[in-house]
Amino acid sequence: MRTRLLTLLASTLLASSCGGGQPAAPSDRLLIVVNAPFSRSAFLGETIANGAELAVRQINEAGGVDIGGRRVGLRLERMDSALSPETALENVRAAVEEGAALILDEGTGVDASWAVAGEAMLPICIVYQGGIGLVNPEQRPNVFRIAPTDRGVGFRLAEYLIPKGLRVAFLHDDTAYGQQGAEVFAEAWASNPEAVAAEVTVPSGAEDVAPQVLEARRSGADALLVWARPEAIAKVIRAARSAGWDAPVYTPPAGEDPLVRQELSDHPEWVDGLTFAGGRMTAEKGPDPFLSFKRAYEDAFGPDLAGVRTSSGDEVVQPPDYPMYPYDCVNVFAAAVAAARSTDPARILDFMRQVDVQGANGDERGFNELSHEGVVDDDVYFAVFHDMTYAPVDDDPLSSTLPEIEQTR
Amino acid sequence: MSRCARATVLAGVLAAVLPGPASGVEELRLPTPRDAVAIAVGAETIFFGPRGVETILPGAVADEERVEVGVGLDGSVRRVVVTQRLVLSGLGDFQFKIPGPAMSVEPLAESEAPPGLRRGSVLWQGFSPGEKVLAARMPLFADQEATRLPIDIDLAMSVDGRPLVPGEPVTGDLEIALRVRNVSPIPIGIASAGADPVELAPVLDDVYRALREGERPLPGEGGLPRSVALLGSPAFTPEPLEAPFRIRGSIELPGGSVEGLHAEGGVVRGSRVAFGALLGGGEPLELEVRVSGRARGIALPELVIEGEPAPPAPAMLRPPGRSWAAAASAGTASGPEMVEALLGVLWRSARLRQFDAYLGNPDPTGPAATAYRWVLDPPEAQVAPAPVDAAGSSAIGGLALVLLALLLALLLVVAWAHA
């Protein structure tokens, strides 16, 4: 199947000129809008846009998408959501007016914007937020996601932590991200209340979260699970460590954001041992597909520098794991356009559920009629920081099979 | 895939003949379940071609299935639902499709991953930490499964010559005719050639012993050789060979009573007629059950048939004497007949695999078992609201009364509105 689909995709993406010359640049270009928080979370916004840009460039350089003999290209437009649901919604309205064919969305505001896009049969592909309710094939047939789901992360964290016998203090911030994490935590730990010492809300705007960390410590917790935006994670770690509390800290994917390391760069040893759950970067077939993607990404945009150095002075490079998701979304979209042999939004939307492609990490990426999730829960792994870089843990069956990815230069 | 199409496929898939070491002697590889699976082309292959499925498995997979078939009042297939439980062994990624085609799929509570669905194929994808249970319930397309199911049912039920319908207790002369037929035969090329009876006899004796013990003879296992020596090149003749099925079932006559209940092809036990048979494998391919009696106020009978693939009857390979070895020594066994009988039994045994895994085990050599169950499941539309006897008034009267009442109510409302 993979071979057949790869062949299909290849024939779609590659030029079909018989003489083997350079493919002609397609004149028509389908618009892809990146709706992301460029002003409020620049690193996240840039990684999403860059992942998408790489796919768009590769497709256009190969002659665009073949839709039954006619070739169409892709073009990208960035819209800043500023982490505001209202702004994100306005962006989607603007995208509809501009005739966009796909929205790549960080996830903010999708609860409102999906309906606006849905009326125009415009697919939204979420590439960061993992909230449970964001994606629902029956109620929101135009919403897809390629990113680890909160549910997958939550249950994998429970599966990993509960057998360790840890009593966890769950700290979450008051953003939508933190609230969604709280919902998942309640569900995932429901059968093991004895493993929960406390549940504490951390105000996202607070400069000092020491009171909340103290509350967690007094609960008798021997581990911290922090489900919050990167800046809040850094504040919790700072408060705990500066108070001499060395309880292990676990986080969802936000823990790998370079901002956490940057905020703690004055005490790099505080980052050591921080363990986060994330989407695996490499498939079982090995690291080659991801490394190939990483080379292409860094050739195009340069490495994503984490803004910190190791103890030996090497610059730390953030692996382009989150850019994989918009990259894969664009490729699935292109495969759907090719399979639909049309730019008709309804047909494209239908074929979004019928095609798959080889993703940047070598896994098959695609959706189906029952699930619009492109990352299965089983693909959530755990990685632990040491000296400002991270590696898969060795006490989890999946993680222990994954290779370490080079992160310095 | 139609049985005709299967026949075409099978015409070219015959037991392999391996060149023998000595002049005039050829080795004939004996058929195994793997050969039988190879010739039973699945729906996925029809839809997507021979390269349509990419399967990634971390290790062996055990497959358990339950096929529930609802049949209409004439025995035709109305509903097919398969419950499948797959247990994956090994550490690593898994990814495969169960071709179905399924109308929909829902995971069972014990499933450790959710299934996906794409154009009828059920998708499974994830990571196995050592063992993973995947379980789902899948309604299939009844019309397509009607041609794939191994058993066909014909049913006719009447009282005083009028067909029985649900929801109407009836009185009168009851007649039920049930025919259960094994429709799994497909043409398979059977080798005919000479063979040394003395050399072949121990193989037949071993296979016969396995059948008597209720086991499936499997070339390459249990002392059976993978191949046998033939004298000269064989000729292949297509023969329709079935996967034998053992069925057992009952017709229950609930409510009221039946005087003089009589059954042919079954046994009367109170208000129930029980029956059972091996269909094929040396026994007839079909079973007929006829039930008659004088019914008083009985409801629609309940029909349940359970079935499972079963090895052929030992009688298929009964030796002409005390044993095949003795018969060969005495010169009363014929080499060509022994070859034909052996292949007939082994192909029928091999064909069981196709129905051991009805939807299919992604691991072609993994264990598989499927239980089949047919039940009477008449359409809801046939349910009449009011009970009548066979010679009495019809439910139409009741319906007319309801309509009349509604009309009167409407007239009253109109009159009140104009008052």
# chains A, B, ... in the order shown; residues from 1 in each chain; ligands from 1
>>> closest_atom_pairs(of="chain A", to="chain B", cutoff="7 Å", atoms="only C-alpha atoms", output="tab-separated table")
residue	atom	partner	partner_atom	distance
A:Met1	CA	B:Gly52	CA	4.7
A:Arg2	CA	B:Glu54	CA	6.2
A:Glu284	CA	B:Asp93	CA	6.5
A:Gln354	CA	B:Arg118	CA	6.0
A:Asn368	CA	B:Arg118	CA	5.3
A:Glu369	CA	B:Leu117	CA	5.4
A:Leu370	CA	B:Gly116	CA	5.6
A:Ser371	CA	B:Gly116	CA	6.2
A:Val376	CA	B:Gly126	CA	6.4
A:Asp378	CA	B:Gly126	CA	5.1
A:Asp379	CA	B:Gly126	CA	6.7
A:Pro397	CA	B:Pro129	CA	5.4
A:Leu398	CA	B:Pro129	CA	6.6
>>> residues_around(residues="Ser113 in chain A", least_positions_apart="6", cutoff="8 Å", atoms="only C-alpha atoms", output="list of chain:residue names")
A:Ala88, A:Leu89, A:Val92, A:Arg93
>>> atom_distance(atom1="CA of Ser323 in chain B", atom2="CA of Val198 in chain B")
11.4 Å
>>> select_by_dssp(residues="range 71-284 of chain A", states="strand (DSSP E)", output="VMD selection string")
chain A and resid 71 to 80 102 to 105 124 to 126 143 to 145 168 to 173 196 to 202 223 to 227 249 to 251 275 to 279
>>> write_last_selection(atoms="N, CA and C atoms", output="CSV table (one decimal), in the first residue's frame")
chain,number,residue,atom,x,y,z
A,71,ARG,N,-1.9,21.3,-13.9
A,71,ARG,CA,-1.0,21.3,-12.7
A,71,ARG,C,-1.3,22.6,-12.0
A,72,VAL,N,-1.4,22.5,-10.7
A,72,VAL,CA,-1.6,23.6,-9.8
A,72,VAL,C,-0.5,23.7,-8.8
A,73,GLY,N,-0.1,24.8,-8.4
A,73,GLY,CA,0.9,25.0,-7.4
A,73,GLY,C,0.3,25.4,-6.1
A,74,LEU,N,1.1,25.7,-5.1
A,74,LEU,CA,0.6,26.1,-3.8
A,74,LEU,C,1.3,27.4,-3.4
A,75,ARG,N,0.6,28.2,-2.6
A,75,ARG,CA,1.3,29.4,-2.1
A,75,ARG,C,0.8,29.5,-0.6
A,76,LEU,N,1.7,30.2,0.1
A,76,LEU,CA,1.5,30.2,1.6
A,76,LEU,C,1.3,31.7,2.0
A,77,GLU,N,0.4,31.9,2.9
A,77,GLU,CA,0.2,33.2,3.5
A,77,GLU,C,0.2,33.1,5.0
A,78,ARG,N,0.9,33.9,5.7
A,78,ARG,CA,0.9,33.9,7.2
A,78,ARG,C,-0.1,34.8,7.8
A,79,MET,N,-0.8,34.4,8.8
A,79,MET,CA,-1.7,35.3,9.5
A,79,MET,C,-1.4,35.0,11.0
A,80,ASP,N,-1.3,36.1,11.7
A,80,ASP,CA,-0.9,36.1,13.1
A,80,ASP,C,-2.1,36.0,14.0
A,102,LEU,N,-6.7,25.6,2.2
A,102,LEU,CA,-6.3,24.8,3.4
A,102,LEU,C,-5.9,25.9,4.4
A,103,ILE,N,-6.2,25.6,5.7
A,103,ILE,CA,-5.7,26.4,6.8
A,103,ILE,C,-4.9,25.5,7.7
A,104,LEU,N,-3.6,25.9,7.9
A,104,LEU,CA,-2.8,25.2,8.9
A,104,LEU,C,-2.9,26.0,10.1
A,105,ASP,N,-3.3,25.4,11.2
A,105,ASP,CA,-3.7,26.2,12.4
A,105,ASP,C,-3.0,25.6,13.6
A,124,ILE,N,-9.3,22.6,7.8
A,124,ILE,CA,-8.4,23.1,8.8
A,124,ILE,C,-7.5,22.0,9.3
A,125,CYS,N,-6.3,22.1,9.3
A,125,CYS,CA,-5.4,21.1,9.8
A,125,CYS,C,-4.6,21.7,11.0
A,126,ILE,N,-4.9,21.2,12.2
A,126,ILE,CA,-4.3,21.6,13.4
A,126,ILE,C,-2.9,20.9,13.5
A,143,VAL,N,-12.2,19.5,10.1
A,143,VAL,CA,-11.1,19.7,11.0
A,143,VAL,C,-10.2,18.4,11.1
A,144,PHE,N,-9.0,18.6,10.9
A,144,PHE,CA,-8.0,17.4,10.9
A,144,PHE,C,-6.9,17.9,11.9
A,145,ARG,N,-6.1,16.9,12.2
A,145,ARG,CA,-4.9,17.3,13.1
A,145,ARG,C,-3.8,16.3,12.8
A,168,VAL,N,1.7,12.2,42.3
A,168,VAL,CA,2.0,13.4,41.4
A,168,VAL,C,1.2,14.6,41.8
A,169,ALA,N,1.9,15.7,41.8
A,169,ALA,CA,1.1,17.0,41.9
A,169,ALA,C,1.0,17.5,40.5
A,170,PHE,N,-0.3,17.7,40.1
A,170,PHE,CA,-0.6,18.2,38.8
A,170,PHE,C,-0.8,19.7,38.8
A,171,LEU,N,0.1,20.4,38.1
A,171,LEU,CA,0.0,21.8,38.0
A,171,LEU,C,-0.3,22.2,36.5
A,172,HIS,N,-1.3,23.0,36.4
A,172,HIS,CA,-1.7,23.4,35.0
A,172,HIS,C,-1.9,24.9,35.0
A,173,ASP,N,-1.6,25.5,33.9
A,173,ASP,CA,-1.9,27.0,33.9
A,173,ASP,C,-3.3,27.2,33.4
A,196,VAL,N,-2.5,10.6,42.9
A,196,VAL,CA,-2.6,12.1,42.7
A,196,VAL,C,-2.5,12.7,44.1
A,197,ALA,N,-1.5,13.6,44.3
A,197,ALA,CA,-1.3,14.3,45.6
A,197,ALA,C,-2.1,15.6,45.6
A,198,ALA,N,-2.1,16.3,44.5
A,198,ALA,CA,-2.7,17.6,44.4
A,198,ALA,C,-2.9,18.0,43.0
A,199,GLU,N,-3.9,18.9,42.8
A,199,GLU,CA,-4.1,19.6,41.5
A,199,GLU,C,-4.2,21.1,41.7
A,200,VAL,N,-3.2,21.8,41.1
A,200,VAL,CA,-3.0,23.2,41.4
A,200,VAL,C,-3.1,24.0,40.1
A,201,THR,N,-3.8,25.1,40.1
A,201,THR,CA,-3.8,26.0,38.9
A,201,THR,C,-2.8,27.0,39.1
A,202,VAL,N,-2.0,27.2,38.0
A,202,VAL,CA,-0.9,28.3,38.0
A,202,VAL,C,-1.4,29.4,37.1
A,223,ALA,N,6.5,14.0,42.8
A,223,ALA,CA,6.7,14.3,41.3
A,223,ALA,C,5.8,15.4,40.9
A,224,LEU,N,6.2,16.2,39.9
A,224,LEU,CA,5.4,17.3,39.4
A,224,LEU,C,5.1,17.0,37.9
A,225,LEU,N,3.8,17.1,37.6
A,225,LEU,CA,3.4,17.0,36.2
A,225,LEU,C,2.9,18.4,35.9
A,226,VAL,N,3.6,19.1,35.0
A,226,VAL,CA,3.2,20.5,34.7
A,226,VAL,C,2.7,20.6,33.3
A,227,TRP,N,1.4,20.9,33.2
A,227,TRP,CA,0.8,21.0,31.9
A,227,TRP,C,0.5,22.5,31.6
A,249,VAL,N,10.3,16.4,37.3
A,249,VAL,CA,9.3,17.2,36.6
A,249,VAL,C,9.0,16.5,35.3
A,250,TYR,N,7.7,16.3,35.0
A,250,TYR,CA,7.2,15.8,33.7
A,250,TYR,C,6.3,16.8,33.1
A,251,THR,N,6.3,16.8,31.8
A,251,THR,CA,5.5,17.8,31.0
A,251,THR,C,5.0,17.2,29.8
A,275,THR,N,11.5,15.6,32.0
A,275,THR,CA,11.1,14.6,31.1
A,275,THR,C,9.8,15.1,30.4
A,276,PHE,N,9.7,15.0,29.1
A,276,PHE,CA,8.5,15.5,28.4
A,276,PHE,C,8.0,14.3,27.5
A,277,ALA,N,6.7,14.4,27.3
A,277,ALA,CA,6.0,13.5,26.3
A,277,ALA,C,5.9,14.2,25.0
A,278,GLY,N,6.2,13.5,23.9
A,278,GLY,CA,6.1,14.2,22.6
A,278,GLY,C,5.8,13.2,21.5
A,279,GLY,N,5.6,13.6,20.3
A,279,GLY,CA,5.4,12.7,19.2
A,279,GLY,C,6.8,12.2,18.7
>>> residues_around(residues="Glu256 in chain A", least_positions_apart="6", cutoff="12 Å", atoms="only C-alpha atoms", output="ChimeraX atom specification")
/A:43-44,228-231,233-234,250,262,271,274-279,306,317-322,382-385,388-391
>>> select_by_dssp(residues="range 72-185 of chain B", states="alpha helix (DSSP H)", output="compact mmCIF listing (two decimals) with C-alpha atoms, in the first residue's frame")
# COMPACT_ATOMS: atom_id res chain seq x y z
CA ALA B 142 -24.75 -8.33 3.49
CA ASP B 143 -25.11 -8.65 -0.26
CA GLN B 144 -21.36 -9.03 -0.74
CA GLU B 145 -20.96 -11.46 2.12
CA ALA B 146 -23.76 -13.63 0.77
>>> residues_around(residues="range 285-295 of chain A", least_positions_apart="3", cutoff="6 Å", atoms="only C-alpha atoms", output="number ranges by chain")
A: 282, 298-299, 360-362
